[in-house]
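Right, one structure below, let's go through it.
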Amino acid sequence: MKALIADKFPENHIQTLKDNGIEVSYQPKLGENDIPGACADADFIVVRSTVVNAAAINAGSSLKLVIRAGSGYNNIDVKAATEKGVAVCNTPGKNSIAVAELAMGLIISLDRRIPDNVKDFNAGVWNKAKYSAAEGLYGKTLGIIGVGNIGKEIAQRAKAFGMKVVGYDVFKQEGIGVEYIDDVEKLISVSDVITLHVPANPQTKGMFNDKLFGIMKKKAMLINTSRADVIDEDALIKAVKEKGIQAAVDVFKGEPEGKDGAVSSKLQNVEGVYVTHHIGASTEQAQDAVAEETIKIIVDYAKNGTILHQVNKK
Ligand code: 3PG
């Protein structure tokens with residue numbers, strides 16, 4: 001059987017796939033419009049954030065699984081896959097630690113304004129008075145919206161910093177140090193830092209809007225390492241300018257599909273907003289764990305016909 005890997009994938013794990021009898025076409029630079037021409041004879045397509053559209057799904061007759069080597073699968077046309085009887089799978093939880101590590105990094109960066117500190121220093125500007133105004137995290141309340149695999153990892157890390165952790169989710173996990181609040185608006189109103197961990201879907205689109213920014217405490221922080229669509233970016237800019245809200249996001253509207261090149265966003269150069277390059281999952285530890293699970297999905301299917309982590313079950 002043949003796997004097309006159309007995104008960056010650790011090379012030692014590619015060898016493991018070959019050792020298991022899978023023919024591998026490793027083309028990490030393919031973009032959305034290249035995949036249909038490259039997947040005609042593939043049984044498996046593996047991607048990270050590269051888009052797999054309906055044309056790709058319909059391009060070949062042997063396609064069995066589209067595997068999102070990661071968590072959020074909004075880059076895959078799940079409807080087209082379901083109509084064609086192709087399973088879409090992901091690797092839930094495997095990159096959670098890395099995302100939680102970045103979220104903590106963003107929180108500390110905002111509190112201490114580390115990126116601005118460094119930028120000023122490199123520009124020859126010394127401003128100890130300005131940068132000595134941090135509030136600190138100890139004793140502050142962290143509100144987690146969406147307490148799944150990532151939320152649980154963040155809770156543990158925030159606790160180690162002496163933060164009080166509150167959470168909002170329909171599914172409640174016991175024993176993870178999170179005090180659940182069933183009303184999301186209440187959670188927002190009591191939190192000094194809010195971190196979002198919800199999937200992109202019609203219910204969460206534009207969820208964090210003027211109304212929710214209006215409920216946030218003055219100068220509170222908002223962290224988004226989930227999906228850009230969850231936040232109304234105009235409302236965010238307004239809240240930053242009018243209410244002193246501070247934000248750090250790893251995802252934004254108009255994220256380029258390519259791995260390098262130019263980028264343009266309305267969040268550029270807004271004081272109080274930090275944007276990173278959608279790197280939440282990009283640590284060696286996380287990508288090894290994701291690759292191992294991806295291989296498990298492919299090899300299990302090739303050997304036993306079983307499908308792990310299918311997200312489009314009927
Ligand atoms: C995910 O959904 O797994 C994360 O957003 C990571 O995406 P990436 O693998 O494209 O970096």
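By convention here, the chains of the structure tokens are called A, B, ... in the order presented, each chain's residues are numbered starting at 1, and ligands are numbered starting at 1 in the order presented.
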
Produce as a PyMOL selection string the set of residues near ligand 1, where near means within 6 Å with only C-alpha atoms and all ligand atoms considered.
chain A and resi 48-49+70-72+279+281-282

Using only C-alpha atoms, what does the table of range 171-278 of chain A residues within 10 Å of range 98-108 of chain A look like, with each row giving the shortest atom pair and its distance in Å to one decimal, sorted by chain and ascending number, as a Markdown table?
```
| residue | atom | partner | partner_atom | distance |
| --- | --- | --- | --- | --- |
| A:Val193 | CA | A:Ile107 | CA | 7.8 |
| A:Ile194 | CA | A:Ile107 | CA | 9.5 |
| A:Thr195 | CA | A:Ala103 | CA | 7.7 |
| A:Leu196 | CA | A:Ala103 | CA | 9.6 |
| A:His197 | CA | A:Val99 | CA | 9.8 |
| A:Met221 | CA | A:Ile107 | CA | 7.7 |
| A:Leu222 | CA | A:Ile107 | CA | 8.6 |
| A:Ile223 | CA | A:Ala103 | CA | 6.9 |
| A:Asn224 | CA | A:Ala103 | CA | 7.9 |
| A:Thr225 | CA | A:Ala103 | CA | 6.8 |
| A:Ser226 | CA | A:Val99 | CA | 9.0 |
| A:Gln246 | CA | A:Ile107 | CA | 9.7 |
| A:Ala247 | CA | A:Leu106 | CA | 8.8 |
| A:Ala248 | CA | A:Leu106 | CA | 6.0 |
| A:Val249 | CA | A:Leu106 | CA | 8.0 |
| A:Asp250 | CA | A:Leu102 | CA | 8.7 |
| A:Tyr274 | CA | A:Leu106 | CA | 8.1 |
| A:Val275 | CA | A:Leu106 | CA | 9.3 |
| A:Thr276 | CA | A:Leu106 | CA | 9.1 |
| A:His278 | CA | A:Val99 | CA | 9.9 |
```

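Neighbouring residues of Ile176 in chain A at 9 Å or closer, counting only C-alpha atoms and skipping chain neighbours under 5 positions away, are Lys152, Glu153, Ala155 and Gln156 of chain A.
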
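Close contacts of range 183-188 of chain A, defined as residues with an atom at most 8 Å away when counting only C-alpha atoms, with chain neighbours fewer than 4 positions off set aside, comprise Gly143, Ile145, Val166, Gly167, Tyr168, Ile194, Leu212, Ile215, Met216 and Lys217 of chain A.
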
List every residue of range 114-264 of chain A that DSSP, applied to the backbone of this structure, places in helix (DSSP H, G or I), and write the result as a PyMOL selection string.
chain A and resi 114-122+128-131+149-160+184-190+210-215+228-230+233-243

Output file for the selection above: C-alpha atoms, as a PDB file, in the first residue's frame:
```pdb
ATOM      1  CA  ILE A 114       9.569  39.614  26.788  1.00  0.00           C
ATOM      2  CA  PRO A 115       9.339  40.153  22.991  1.00  0.00           C
ATOM      3  CA  ASP A 116       9.192  43.971  23.424  1.00  0.00           C
ATOM      4  CA  ASN A 117      12.062  43.849  25.936  1.00  0.00           C
ATOM      5  CA  VAL A 118      14.256  42.030  23.439  1.00  0.00           C
ATOM      6  CA  LYS A 119      13.162  44.206  20.499  1.00  0.00           C
ATOM      7  CA  ASP A 120      14.051  47.397  22.400  1.00  0.00           C
ATOM      8  CA  PHE A 121      17.375  45.990  23.580  1.00  0.00           C
ATOM      9  CA  ASN A 122      18.341  45.051  20.019  1.00  0.00           C
ATOM     10  CA  LYS A 128      14.097  49.114  32.816  1.00  0.00           C
ATOM     11  CA  ALA A 129      11.383  51.350  34.312  1.00  0.00           C
ATOM     12  CA  LYS A 130       8.876  50.524  31.568  1.00  0.00           C
ATOM     13  CA  TYR A 131       9.542  46.779  31.708  1.00  0.00           C
ATOM     14  CA  ASN A 149      -6.178  17.043  26.435  1.00  0.00           C
ATOM     15  CA  ILE A 150      -4.462  20.428  26.057  1.00  0.00           C
ATOM     16  CA  GLY A 151      -6.493  22.164  28.754  1.00  0.00           C
ATOM     17  CA  LYS A 152      -5.549  19.448  31.231  1.00  0.00           C
ATOM     18  CA  GLU A 153      -1.824  19.915  30.492  1.00  0.00           C
ATOM     19  CA  ILE A 154      -2.120  23.694  30.871  1.00  0.00           C
ATOM     20  CA  ALA A 155      -3.976  23.327  34.180  1.00  0.00           C
ATOM     21  CA  GLN A 156      -1.123  21.255  35.584  1.00  0.00           C
ATOM     22  CA  ARG A 157       1.493  23.808  34.477  1.00  0.00           C
ATOM     23  CA  ALA A 158      -0.505  26.828  35.668  1.00  0.00           C
ATOM     24  CA  LYS A 159      -0.939  25.175  39.079  1.00  0.00           C
ATOM     25  CA  ALA A 160       2.847  24.873  39.314  1.00  0.00           C
ATOM     26  CA  VAL A 184     -18.781  30.659  30.179  1.00  0.00           C
ATOM     27  CA  GLU A 185     -19.566  34.353  30.746  1.00  0.00           C
ATOM     28  CA  LYS A 186     -19.060  33.912  34.489  1.00  0.00           C
ATOM     29  CA  LEU A 187     -15.722  32.196  33.837  1.00  0.00           C
ATOM     30  CA  ILE A 188     -14.617  35.068  31.606  1.00  0.00           C
ATOM     31  CA  SER A 189     -15.628  37.662  34.180  1.00  0.00           C
ATOM     32  CA  VAL A 190     -13.505  36.116  36.965  1.00  0.00           C
ATOM     33  CA  ASP A 210     -17.482  42.176  21.334  1.00  0.00           C
ATOM     34  CA  LYS A 211     -19.834  40.762  23.946  1.00  0.00           C
ATOM     35  CA  LEU A 212     -17.284  38.393  25.477  1.00  0.00           C
ATOM     36  CA  PHE A 213     -14.469  40.969  25.300  1.00  0.00           C
ATOM     37  CA  GLY A 214     -16.884  43.293  27.123  1.00  0.00           C
ATOM     38  CA  ILE A 215     -17.127  40.812  29.999  1.00  0.00           C
ATOM     39  CA  ALA A 228      -8.228  31.706  14.238  1.00  0.00           C
ATOM     40  CA  ASP A 229     -11.947  31.541  13.461  1.00  0.00           C
ATOM     41  CA  VAL A 230     -12.824  31.382  17.149  1.00  0.00           C
ATOM     42  CA  GLU A 233     -10.168  39.904  15.212  1.00  0.00           C
ATOM     43  CA  ASP A 234     -11.812  43.368  14.873  1.00  0.00           C
ATOM     44  CA  ALA A 235     -13.367  42.930  18.306  1.00  0.00           C
ATOM     45  CA  LEU A 236      -9.970  41.855  19.660  1.00  0.00           C
ATOM     46  CA  ILE A 237      -8.212  44.964  18.323  1.00  0.00           C
ATOM     47  CA  LYS A 238     -10.956  47.157  19.761  1.00  0.00           C
ATOM     48  CA  ALA A 239     -10.673  45.479  23.179  1.00  0.00           C
ATOM     49  CA  VAL A 240      -6.877  45.874  23.149  1.00  0.00           C
ATOM     50  CA  LYS A 241      -7.120  49.567  22.311  1.00  0.00           C
ATOM     51  CA  GLU A 242     -10.090  50.498  24.486  1.00  0.00           C
ATOM     52  CA  LYS A 243      -9.784  48.153  27.440  1.00  0.00           C
TER      53      LYS A 243
END
```
